[in-house]
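Data file: target27.pdb. Format and content: PDB, C-alpha atoms.
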```
MODEL        1
ATOM      1  CA  MET A   1      76.246  87.186  99.652
ATOM      2  CA  ALA A   2      76.401  90.371  97.566
ATOM      3  CA  PRO A   3      79.631  92.365  97.634
ATOM      4  CA  VAL A   4      79.538  95.529  99.727
ATOM      5  CA  LEU A   5      80.204  98.978  98.265
ATOM      6  CA  VAL A   6      80.519 102.041 100.505
ATOM      7  CA  VAL A   7      79.947 105.523  99.099
ATOM      8  CA  LEU A   8      81.661 108.266 101.118
ATOM      9  CA  HIS A   9      79.799 111.535 100.629
ATOM     10  CA  ALA A  10      79.275 114.906 102.314
ATOM     11  CA  GLY A  11      75.539 115.196 101.728
ATOM     12  CA  ASP A  12      75.649 115.340  97.932
ATOM     13  CA  LEU A  13      74.783 111.823  96.742
ATOM     14  CA  PRO A  14      75.743 110.562  93.273
ATOM     15  CA  ASP A  15      72.988 109.705  90.821
ATOM     16  CA  GLY A  16      73.090 106.869  88.320
ATOM     17  CA  LEU A  17      74.228 104.011  90.565
ATOM     18  CA  GLU A  18      71.115 101.882  90.035
ATOM     19  CA  SER A  19      73.010  99.298  88.001
ATOM     20  CA  VAL A  20      75.578  99.002  90.783
ATOM     21  CA  ALA A  21      72.885  98.566  93.445
ATOM     22  CA  GLU A  22      71.495  95.604  91.489
ATOM     23  CA  VAL A  23      74.667  93.571  92.122
ATOM     24  CA  ALA A  24      76.070  95.072  95.327
ATOM     25  CA  ASP A  25      74.957  96.065  98.793
ATOM     26  CA  VAL A  26      75.464  99.851  98.634
ATOM     27  CA  ARG A  27      76.049 101.651 101.920
ATOM     28  CA  TYR A  28      76.246 105.444 102.218
ATOM     29  CA  ALA A  29      78.537 107.021 104.799
ATOM     30  CA  THR A  30      79.856 110.412 105.820
ATOM     31  CA  ALA A  31      83.280 111.019 107.316
ATOM     32  CA  ASP A  32      82.060 110.400 110.863
ATOM     33  CA  THR A  33      80.329 107.100 109.997
ATOM     34  CA  LEU A  34      82.857 105.701 107.512
ATOM     35  CA  ALA A  35      84.710 103.472 109.990
ATOM     36  CA  ASP A  36      81.560 101.517 110.809
ATOM     37  CA  ALA A  37      80.303 101.419 107.218
ATOM     38  CA  VAL A  38      83.576 100.227 105.681
ATOM     39  CA  ASP A  39      83.966  97.286 108.065
ATOM     40  CA  GLY A  40      83.581  94.228 105.844
ATOM     41  CA  ALA A  41      83.250  96.270 102.624
ATOM     42  CA  ASP A  42      84.815  95.189  99.333
ATOM     43  CA  ALA A  43      84.895  98.541  97.555
ATOM     44  CA  LEU A  44      84.791 102.244  98.373
ATOM     45  CA  LEU A  45      83.715 105.180  96.222
ATOM     46  CA  LEU A  46      85.176 108.484  97.406
ATOM     47  CA  TRP A  47      82.483 110.838  96.192
ATOM     48  CA  ASP A  48      83.714 113.245  98.882
ATOM     49  CA  PHE A  49      87.113 113.171  97.207
ATOM     50  CA  PHE A  50      88.980 115.623  99.451
ATOM     51  CA  SER A  51      87.992 113.888 102.676
ATOM     52  CA  PRO A  52      90.843 112.546 104.840
ATOM     53  CA  ALA A  53      88.469 110.051 106.476
ATOM     54  CA  VAL A  54      89.906 106.943 104.811
ATOM     55  CA  GLU A  55      93.173 107.166 106.719
ATOM     56  CA  SER A  56      91.298 107.517 110.004
ATOM     57  CA  ALA A  57      89.104 104.532 109.159
ATOM     58  CA  TRP A  58      91.954 102.419 107.802
ATOM     59  CA  PRO A  59      92.073  99.970 110.780
ATOM     60  CA  ARG A  60      88.519  98.928 109.788
ATOM     61  CA  CYS A  61      89.351  98.507 106.071
ATOM     62  CA  GLY A  62      90.693  94.966 106.276
ATOM     63  CA  SER A  63      88.276  93.619 103.656
ATOM     64  CA  LEU A  64      88.724  96.496 101.233
ATOM     65  CA  LYS A  65      90.060  95.584  97.787
ATOM     66  CA  TRP A  66      89.285  98.614  95.632
ATOM     67  CA  ILE A  67      88.959 102.383  96.101
ATOM     68  CA  HIS A  68      87.677 104.675  93.350
ATOM     69  CA  ILE A  69      88.072 108.430  93.752
ATOM     70  CA  ALA A  70      85.727 110.828  91.956
ATOM     71  CA  ALA A  71      88.620 113.094  90.965
ATOM     72  CA  ALA A  72      91.673 113.067  88.746
ATOM     73  CA  GLY A  73      94.178 113.906  91.499
ATOM     74  CA  VAL A  74      94.721 111.356  94.263
ATOM     75  CA  ASP A  75      97.078 113.322  96.526
ATOM     76  CA  SER A  76      94.361 113.870  99.140
ATOM     77  CA  LEU A  77      93.892 110.106  99.445
ATOM     78  CA  MET A  78      97.386 108.668  99.532
ATOM     79  CA  PHE A  79      98.902 107.686 102.873
ATOM     80  CA  ASP A  80     101.667 105.181 103.601
ATOM     81  CA  GLU A  81      99.491 102.270 104.715
ATOM     82  CA  LEU A  82      97.318 102.486 101.607
ATOM     83  CA  VAL A  83     100.318 102.829  99.293
ATOM     84  CA  GLU A  84     101.913  99.713 100.751
ATOM     85  CA  SER A  85      98.666  97.709 100.731
ATOM     86  CA  ASP A  86      97.170  95.513  98.000
ATOM     87  CA  VAL A  87      94.129  97.787  97.658
ATOM     88  CA  VAL A  88      93.689  98.913  94.047
ATOM     89  CA  VAL A  89      93.059 102.633  93.528
ATOM     90  CA  THR A  90      91.386 104.040  90.417
ATOM     91  CA  ASN A  91      90.586 107.642  89.529
ATOM     92  CA  SER A  92      88.250 109.578  87.228
ATOM     93  CA  ARG A  93      90.765 110.330  84.502
ATOM     94  CA  GLY A  94      89.113 111.660  81.361
ATOM     95  CA  VAL A  95      86.219 113.568  82.910
ATOM     96  CA  PHE A  96      88.015 116.883  83.320
ATOM     97  CA  ASP A  97      90.407 116.947  80.349
ATOM     98  CA  ARG A  98      88.488 119.079  77.854
ATOM     99  CA  PRO A  99      86.825 121.419  80.394
ATOM    100  CA  ILE A 100      90.175 122.256  81.975
ATOM    101  CA  ALA A 101      91.742 122.782  78.552
ATOM    102  CA  GLU A 102      88.957 125.221  77.650
ATOM    103  CA  PHE A 103      89.386 126.959  81.007
ATOM    104  CA  VAL A 104      93.117 127.449  80.390
ATOM    105  CA  LEU A 105      92.469 128.848  76.922
ATOM    106  CA  ALA A 106      89.874 131.216  78.382
ATOM    107  CA  GLN A 107      92.387 132.541  80.917
ATOM    108  CA  ILE A 108      95.043 133.033  78.245
ATOM    109  CA  LEU A 109      92.545 134.961  76.116
ATOM    110  CA  ALA A 110      91.437 137.010  79.127
ATOM    111  CA  PHE A 111      95.034 138.174  79.608
ATOM    112  CA  ALA A 112      95.794 138.690  75.931
ATOM    113  CA  LYS A 113      92.587 140.599  75.224
ATOM    114  CA  ASP A 114      92.711 142.623  78.464
ATOM    115  CA  SER A 115      89.226 141.476  79.468
ATOM    116  CA  GLU A 116      89.466 142.495  83.117
ATOM    117  CA  ARG A 117      90.319 146.078  82.245
ATOM    118  CA  SER A 118      87.536 146.206  79.668
ATOM    119  CA  ARG A 119      85.027 145.193  82.325
ATOM    120  CA  ALA A 120      86.397 147.772  84.750
ATOM    121  CA  LEU A 121      86.242 150.529  82.148
ATOM    122  CA  GLN A 122      82.731 149.501  81.183
ATOM    123  CA  HIS A 123      81.666 149.632  84.814
ATOM    124  CA  SER A 124      83.075 153.176  85.027
ATOM    125  CA  LYS A 125      81.518 154.130  81.648
ATOM    126  CA  ILE A 126      84.914 155.022  80.212
ATOM    127  CA  TRP A 127      85.552 154.739  76.450
ATOM    128  CA  GLN A 128      89.254 153.950  76.122
ATOM    129  CA  HIS A 129      90.626 152.452  72.938
ATOM    130  CA  ARG A 130      93.521 150.035  73.470
ATOM    131  CA  GLU A 131      95.555 147.500  71.564
ATOM    132  CA  THR A 132      95.544 143.876  72.708
ATOM    133  CA  GLU A 133      97.844 140.912  72.195
ATOM    134  CA  ARG A 134      97.714 138.033  69.744
ATOM    135  CA  ILE A 135      98.090 134.532  71.121
ATOM    136  CA  ASP A 136      99.190 132.828  67.906
ATOM    137  CA  GLY A 137     102.906 132.227  68.179
ATOM    138  CA  ALA A 138     102.974 132.724  71.951
ATOM    139  CA  HIS A 139     104.580 129.835  73.815
ATOM    140  CA  ALA A 140     102.787 127.824  76.490
ATOM    141  CA  MET A 141     104.900 125.532  78.641
ATOM    142  CA  ILE A 142     102.666 122.917  80.272
ATOM    143  CA  VAL A 143     103.944 121.363  83.488
ATOM    144  CA  GLY A 144     102.276 117.965  83.548
ATOM    145  CA  THR A 145     102.119 115.706  80.491
ATOM    146  CA  GLY A 146      99.235 113.442  81.482
ATOM    147  CA  ALA A 147      95.791 113.336  79.910
ATOM    148  CA  ILE A 148      94.769 116.840  81.046
ATOM    149  CA  GLY A 149      98.083 118.343  79.952
ATOM    150  CA  ARG A 150      97.676 116.725  76.550
ATOM    151  CA  ALA A 151      94.143 118.081  76.158
ATOM    152  CA  ILE A 152      95.486 121.558  76.940
ATOM    153  CA  ALA A 153      98.325 121.112  74.447
ATOM    154  CA  ASN A 154      95.938 120.000  71.698
ATOM    155  CA  LEU A 155      93.644 122.984  72.176
ATOM    156  CA  LEU A 156      96.453 125.536  72.377
ATOM    157  CA  ASN A 157      98.106 124.058  69.305
ATOM    158  CA  ALA A 158      94.782 124.374  67.487
ATOM    159  CA  VAL A 159      94.653 128.148  68.082
ATOM    160  CA  GLY A 160      98.181 128.661  66.813
ATOM    161  CA  MET A 161     100.187 128.743  70.026
ATOM    162  CA  SER A 162     103.475 126.892  70.305
ATOM    163  CA  VAL A 163     103.569 124.313  73.066
ATOM    164  CA  SER A 164     106.090 122.348  75.079
ATOM    165  CA  GLY A 165     105.753 120.055  78.073
ATOM    166  CA  VAL A 166     107.506 119.460  81.363
ATOM    167  CA  GLY A 167     107.526 115.918  82.740
ATOM    168  CA  ARG A 168     109.606 113.431  84.655
ATOM    169  CA  THR A 169     112.046 112.855  81.790
ATOM    170  CA  ALA A 170     113.085 114.868  78.750
ATOM    171  CA  ARG A 171     112.225 113.684  75.259
ATOM    172  CA  GLU A 172     111.805 114.996  71.725
ATOM    173  CA  GLY A 173     109.130 114.322  69.150
ATOM    174  CA  ASP A 174     106.185 113.948  71.505
ATOM    175  CA  ARG A 175     102.968 113.833  69.478
ATOM    176  CA  ASP A 176     101.278 116.602  71.518
ATOM    177  CA  PHE A 177     104.073 118.644  73.090
ATOM    178  CA  GLY A 178     106.886 118.346  70.600
ATOM    179  CA  ALA A 179     109.642 118.825  73.164
ATOM    180  CA  VAL A 180     109.208 117.650  76.751
ATOM    181  CA  TYR A 181     111.706 119.012  79.278
ATOM    182  CA  ALA A 182     112.623 117.275  82.512
ATOM    183  CA  SER A 183     111.121 118.891  85.595
ATOM    184  CA  ASP A 184     114.617 118.951  87.121
ATOM    185  CA  ASP A 185     115.626 121.325  84.305
ATOM    186  CA  LEU A 186     112.634 123.654  84.594
ATOM    187  CA  VAL A 187     114.658 126.585  85.893
ATOM    188  CA  ASP A 188     116.853 126.398  82.780
ATOM    189  CA  GLU A 189     114.026 125.930  80.266
ATOM    190  CA  VAL A 190     111.255 128.164  81.614
ATOM    191  CA  VAL A 191     112.623 131.261  79.869
ATOM    192  CA  ARG A 192     110.951 129.896  76.722
ATOM    193  CA  ALA A 193     107.450 130.371  78.203
ATOM    194  CA  ASP A 194     105.050 133.248  77.713
ATOM    195  CA  TYR A 195     102.514 131.228  79.716
ATOM    196  CA  LEU A 196     103.525 128.654  82.313
ATOM    197  CA  VAL A 197     100.582 126.289  82.822
ATOM    198  CA  LEU A 198     100.631 124.041  85.889
ATOM    199  CA  VAL A 199      98.550 120.865  85.744
ATOM    200  CA  ALA A 200     100.893 118.234  87.189
ATOM    201  CA  PRO A 201      99.698 115.848  89.907
ATOM    202  CA  LEU A 202     100.886 116.709  93.395
ATOM    203  CA  THR A 203     103.652 114.338  94.463
ATOM    204  CA  GLU A 204     106.784 114.608  96.573
ATOM    205  CA  GLN A 205     108.652 115.435  93.356
ATOM    206  CA  THR A 206     106.287 118.200  92.201
ATOM    207  CA  LYS A 207     105.511 119.889  95.509
ATOM    208  CA  GLY A 208     106.943 123.412  95.385
ATOM    209  CA  LEU A 209     108.279 122.815  91.875
ATOM    210  CA  VAL A 210     107.596 126.367  90.730
ATOM    211  CA  ASP A 211     109.562 128.275  93.325
ATOM    212  CA  ASP A 212     111.338 131.614  93.468
ATOM    213  CA  SER A 213     114.198 130.438  91.262
ATOM    214  CA  VAL A 214     111.833 129.263  88.510
ATOM    215  CA  LEU A 215     109.752 132.443  88.620
ATOM    216  CA  ALA A 216     112.892 134.595  88.541
ATOM    217  CA  ALA A 217     114.096 132.698  85.459
ATOM    218  CA  MET A 218     110.899 133.383  83.497
ATOM    219  CA  ARG A 219     111.037 136.017  80.778
ATOM    220  CA  PRO A 220     109.783 139.458  81.846
ATOM    221  CA  GLY A 221     106.080 139.810  81.124
ATOM    222  CA  ALA A 222     105.289 136.096  81.360
ATOM    223  CA  ARG A 223     102.170 134.771  83.101
ATOM    224  CA  VAL A 224     101.386 131.787  85.309
ATOM    225  CA  ILE A 225      98.234 129.651  85.204
ATOM    226  CA  ASN A 226      97.693 127.025  87.916
ATOM    227  CA  VAL A 227      94.906 124.465  87.449
ATOM    228  CA  GLY A 228      96.783 121.585  89.103
ATOM    229  CA  ARG A 229      97.299 121.852  92.844
ATOM    230  CA  GLY A 230      98.094 124.899  94.947
ATOM    231  CA  GLU A 231     101.196 123.294  96.420
ATOM    232  CA  LEU A 232     102.878 123.143  93.018
ATOM    233  CA  LEU A 233     103.496 126.881  93.257
ATOM    234  CA  ASP A 234     105.269 129.024  95.848
ATOM    235  CA  THR A 235     102.620 131.691  96.411
ATOM    236  CA  GLU A 236     104.877 134.037  98.372
ATOM    237  CA  ALA A 237     107.418 134.011  95.568
ATOM    238  CA  LEU A 238     104.656 134.607  93.024
ATOM    239  CA  LEU A 239     103.419 137.630  94.981
ATOM    240  CA  LYS A 240     106.960 139.012  95.024
ATOM    241  CA  HIS A 241     107.383 138.701  91.263
ATOM    242  CA  LEU A 242     103.904 140.058  90.558
ATOM    243  CA  GLY A 243     104.679 143.031  92.776
ATOM    244  CA  SER A 244     107.894 143.786  90.910
ATOM    245  CA  GLY A 245     106.164 143.494  87.544
ATOM    246  CA  HIS A 246     108.478 140.701  86.411
ATOM    247  CA  ILE A 247     105.468 138.360  86.196
ATOM    248  CA  THR A 248     102.604 140.357  84.678
ATOM    249  CA  GLY A 249      99.687 138.075  85.452
ATOM    250  CA  ALA A 250      98.523 134.925  87.191
ATOM    251  CA  ALA A 251      95.329 132.889  86.888
ATOM    252  CA  LEU A 252      94.938 130.674  89.931
ATOM    253  CA  ASP A 253      92.210 128.073  90.348
ATOM    254  CA  VAL A 254      93.866 126.109  93.173
ATOM    255  CA  PHE A 255      95.548 127.125  96.415
ATOM    256  CA  GLU A 256      97.542 125.610  99.277
ATOM    257  CA  THR A 257      94.560 126.133 101.581
ATOM    258  CA  GLU A 258      91.023 126.160 100.212
ATOM    259  CA  PRO A 259      88.900 128.165 100.422
ATOM    260  CA  LEU A 260      91.288 131.096 100.161
ATOM    261  CA  SER A 261      91.109 133.178 103.332
ATOM    262  CA  ALA A 262      89.422 136.569 103.057
ATOM    263  CA  ASP A 263      92.587 138.363 104.204
ATOM    264  CA  HIS A 264      94.932 136.680 101.722
ATOM    265  CA  PRO A 265      96.959 139.248  99.735
ATOM    266  CA  LEU A 266      96.098 137.558  96.443
ATOM    267  CA  TRP A 267      92.599 139.062  96.585
ATOM    268  CA  ALA A 268      94.024 142.577  96.303
ATOM    269  CA  THR A 269      96.826 141.842  93.837
ATOM    270  CA  GLU A 270      96.500 143.399  90.405
ATOM    271  CA  ASN A 271      96.503 141.230  87.278
ATOM    272  CA  VAL A 272      95.474 138.119  89.194
ATOM    273  CA  ILE A 273      92.411 136.079  88.264
ATOM    274  CA  LEU A 274      91.138 133.941  91.139
ATOM    275  CA  THR A 275      88.612 131.116  90.749
ATOM    276  CA  PRO A 276      87.399 128.623  93.402
ATOM    277  CA  HIS A 277      88.806 125.288  92.138
ATOM    278  CA  MET A 278      86.269 125.077  89.311
ATOM    279  CA  SER A 279      88.337 124.673  86.145
ATOM    280  CA  GLY A 280      87.089 121.150  85.443
ATOM    281  CA  ASP A 281      83.539 121.529  86.693
ATOM    282  CA  ALA A 282      81.649 122.118  83.448
ATOM    283  CA  SER A 283      77.933 121.322  83.396
ATOM    284  CA  GLY A 284      77.250 117.594  83.690
ATOM    285  CA  TRP A 285      80.523 116.807  85.439
ATOM    286  CA  LYS A 286      78.930 115.009  88.372
ATOM    287  CA  GLU A 287      76.856 112.823  86.068
ATOM    288  CA  ARG A 288      79.986 111.966  84.103
ATOM    289  CA  LEU A 289      81.858 111.101  87.309
ATOM    290  CA  ALA A 290      79.066 108.719  88.283
ATOM    291  CA  GLU A 291      79.127 107.120  84.814
ATOM    292  CA  VAL A 292      82.884 106.532  85.003
ATOM    293  CA  PHE A 293      82.515 104.879  88.398
ATOM    294  CA  ALA A 294      79.525 102.764  87.349
ATOM    295  CA  ASP A 295      81.464 101.489  84.336
ATOM    296  CA  ASN A 296      84.415 100.541  86.515
ATOM    297  CA  ALA A 297      82.110  98.969  89.111
ATOM    298  CA  ARG A 298      80.588  96.708  86.466
ATOM    299  CA  ARG A 299      84.105  95.688  85.505
ATOM    300  CA  TYR A 300      85.049  95.044  89.112
ATOM    301  CA  PHE A 301      82.037  92.909  89.933
ATOM    302  CA  ARG A 302      82.545  90.877  86.725
ATOM    303  CA  GLY A 303      86.209  90.330  87.490
ATOM    304  CA  GLU A 304      87.295  92.350  84.454
ATOM    305  CA  PRO A 305      90.347  94.684  84.308
ATOM    306  CA  LEU A 306      89.694  98.105  85.833
ATOM    307  CA  LEU A 307      90.253 101.379  84.005
ATOM    308  CA  ASN A 308      92.371 104.257  85.326
ATOM    309  CA  VAL A 309      94.423 102.211  87.775
ATOM    310  CA  VAL A 310      96.706 104.533  89.752
ATOM    311  CA  ASP A 311     100.348 103.709  90.360
ATOM    312  CA  LYS A 312     100.181 104.363  94.083
ATOM    313  CA  LYS A 313     103.902 104.958  94.455
ATOM    314  CA  LEU A 314     103.975 107.526  91.639
ATOM    315  CA  GLY A 315     100.598 109.051  92.529
ATOM    316  CA  PHE A 316      98.977 109.028  89.090
ATOM    317  CA  VAL A 317      97.810 106.795  86.241
ATOM    318  CA  VAL A 318     100.780 105.794  84.093
TER     319      VAL A 318
ENDMDL
END
```
What would the structure in this file look like if it were written as structure tokens?
Amino acid sequence: MAPVLVVLHAGDLPDGLESVAEVADVRYATADTLADAVDGADALLLWDFFSPAVESAWPRCGSLKWIHIAAAGVDSLMFDELVESDVVVTNSRGVFDRPIAEFVLAQILAFAKDSERSRALQHSKIWQHRETERIDGAHAMIVGTGAIGRAIANLLNAVGMSVSGVGRTAREGDRDFGAVYASDDLVDEVVRADYLVLVAPLTEQTKGLVDDSVLAAMRPGARVINVGRGELLDTEALLKHLGSGHITGAALDVFETEPLSADHPLWATENVILTPHMSGDASGWKERLAEVFADNARRYFRGEPLLNVVDKKLGFVV
């Protein structure tokens, strides 16, 4: 009997799974049909990667051995029963690294070169000469030292910025970050940053990490870029420091609640760039996600070691 793979989707089906269908019985399910579809299944692809349906269907997942999520972050998937189970979880690490790094660089350049004001002046047909900032020599502190954080560090180093990292433990001589500061010491170290870039996975340890005390400790004129998870950042505290002028800009791609409500004060806040959780979604990203899964599926069905295995207790690939 062929192994059973369930693909959880929300109407947008992945392409490129023909090789998987040759060796497995592939079932497609939406959130409301997952419980029936997953009964007796060996593997589950979370193409609808923000869906909470797995926890609801968990009593029917007794045969499940492997879950692959079509995302880098796994915080939307993890619940206690899954963490304590023997089910292996893998993610799509590697797909989003370079696109997110380019996105971060673009936001830094948008601030430094005053792009938003240029567009506004152009729209009003106003010729107003201004000076802009250089980014070489500016310091970017990257909260999150995984694969995406390293891709950001490499790109920012390449354009002449100085870079440091913030991770679980402090260390010197890191090949990409140079110095890595412990997240517990962020409030003491953040004064070094001209740009604070958030890309850490969302865990119990990182939730609310950048709070009022961290923002207050930043140097006047610094900026915040969040391409990780909305819950890493205290939005109310950010609004306070933007309003006072202490923080002079923020580029936010992720939010505590998505989509951002139409009445949220961020929409009307000056010097804020808002994007709808798209920093990693460069053209071809869905095809690449399908390729990563298909490669891992071939490994799984051959009994070979899987790639991108998540440490379920930590919440990310070590």
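Every protein, DNA or RNA residue with an atom at most 8 Å from region 251-261 of chain A, where all atoms listed in the file count and chain neighbours fewer than 4 positions away do not, is listed here: Gln107, Val224, Ile225, Asn226, Val227, Gly228, Arg229, Gly230, Glu231, Val272, Ile273, Leu274, Thr275, Pro276, His277, Met278 and Ser279 of chain A.
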Shortest interatomic distance to Ser19 (chain A) - which of A:Asp295, A:Ala151, A:Ala138, A:Gly243, counting only C-alpha atoms: A:Asp295
So that I can see what lies close to Leu233 (chain A), please list as a list in words the residues with an atom at most 7 Å from it, counting only C-alpha atoms and leaving out residues fewer than 4 positions away in the same chain.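 Once the adjacent positions are removed, what remains is Gly208, Leu209, Val210 and Asp211 of chain A.
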Once you count only C-alpha atoms, which residues end up no further than 10 Å from (92.8, 150.8, 75.2) in the file's frame, shown as JSON, numbers by chain? {"A": [114, 117, 118, 121, 127, 128, 129, 130, 131, 132]}
Write out, as a PDB file, keeping the file's coordinate frame, the residues just selected, with C-alpha atoms.
```pdb
ATOM      1  CA  ASP A 114      92.711 142.623  78.464  1.00  0.00           C
ATOM      2  CA  ARG A 117      90.319 146.078  82.245  1.00  0.00           C
ATOM      3  CA  SER A 118      87.536 146.206  79.668  1.00  0.00           C
ATOM      4  CA  LEU A 121      86.242 150.529  82.148  1.00  0.00           C
ATOM      5  CA  TRP A 127      85.552 154.739  76.450  1.00  0.00           C
ATOM      6  CA  GLN A 128      89.254 153.950  76.122  1.00  0.00           C
ATOM      7  CA  HIS A 129      90.626 152.452  72.938  1.00  0.00           C
ATOM      8  CA  ARG A 130      93.521 150.035  73.470  1.00  0.00           C
ATOM      9  CA  GLU A 131      95.555 147.500  71.564  1.00  0.00           C
ATOM     10  CA  THR A 132      95.544 143.876  72.708  1.00  0.00           C
TER      11      THR A 132
END
```
Rounded to one decimal in Å, what is the spacing between CA of Ile108 (chain A) and CA of Gly178 (chain A)? 20.4 Å
Taking the file as I've supplied it (selection: the PyMOL selection byres ((chain A and resi 149) around 9)), which residues are included? Please answer as a ChimeraX atom specification. /A:97,101,142-148,150-154,165,197-200
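The closest residue to Leu155 (chain A), picked from A:Phe103, A:Trp66, A:Phe111, A:Phe49 and counting all atoms listed in the file, is A:Phe103.
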Residues selected by the PyMOL selection byres ((chain A and resi 217) around 9), written as a PyMOL selection string: chain A and resi 187-191+212-216+218-220
With C-alpha atoms retained, export the selected residues as a tab-separated table (two decimals), in the frame of the given file.
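Result file again-v3.tsv:
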```
chain	number	residue	atom	x	y	z
A	187	VAL	CA	114.66	126.58	85.89
A	188	ASP	CA	116.85	126.40	82.78
A	189	GLU	CA	114.03	125.93	80.27
A	190	VAL	CA	111.26	128.16	81.61
A	191	VAL	CA	112.62	131.26	79.87
A	212	ASP	CA	111.34	131.61	93.47
A	213	SER	CA	114.20	130.44	91.26
A	214	VAL	CA	111.83	129.26	88.51
A	215	LEU	CA	109.75	132.44	88.62
A	216	ALA	CA	112.89	134.60	88.54
A	218	MET	CA	110.90	133.38	83.50
A	219	ARG	CA	111.04	136.02	80.78
A	220	PRO	CA	109.78	139.46	81.85
```
Of the residues A:Arg175, A:Arg134, A:Lys312, A:Lys240, which is the one nearest to Ile67 (chain A), using all atoms listed in the file?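 Nearest to Ile67 (chain A): A:Lys312.
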Nearest candidate to Ala71 (chain A) (options A:Pro52, A:Gly94, A:Gly315, A:Gly221; using only C-alpha atoms): A:Gly94
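The set of residues that the PyMOL selection byres ((chain A and resi 183) around 8) takes from this file is Val143, Val166, Gly167, Arg168, Thr169, Tyr181, Ala182, Asp184, Asp185, Leu186 and Leu209 of chain A.
All residues of protein, DNA or RNA that reach within 9 Å of Asn271 (chain A), judged by only C-alpha atoms and not counting those fewer than 6 positions away in the chain, are Phe111, Glu116, Leu242, Thr248, Gly249, Ala250 and Ala251 of chain A.
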Take the residues from that selection and put them in a file with C-alpha atoms, as a CSV table (one decimal), in the coordinates of the input.
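Output saved as result23.csv:
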```csv
chain,number,residue,atom,x,y,z
A,111,PHE,CA,95.0,138.2,79.6
A,116,GLU,CA,89.5,142.5,83.1
A,242,LEU,CA,103.9,140.1,90.6
A,248,THR,CA,102.6,140.4,84.7
A,249,GLY,CA,99.7,138.1,85.5
A,250,ALA,CA,98.5,134.9,87.2
A,251,ALA,CA,95.3,132.9,86.9
```
Step by step, gather every atom of region 48-53 of chain A that the file lists, find the box along x, y and z that holds them, add 5 Å on each side, and finally give centre and edge lengths in Å to one decimal, as AutoDock Vina command-line options.
```
--center_x 87.3 --center_y 112.8 --center_z 101.8 --size_x 17.1 --size_y 15.6 --size_z 19.3
```
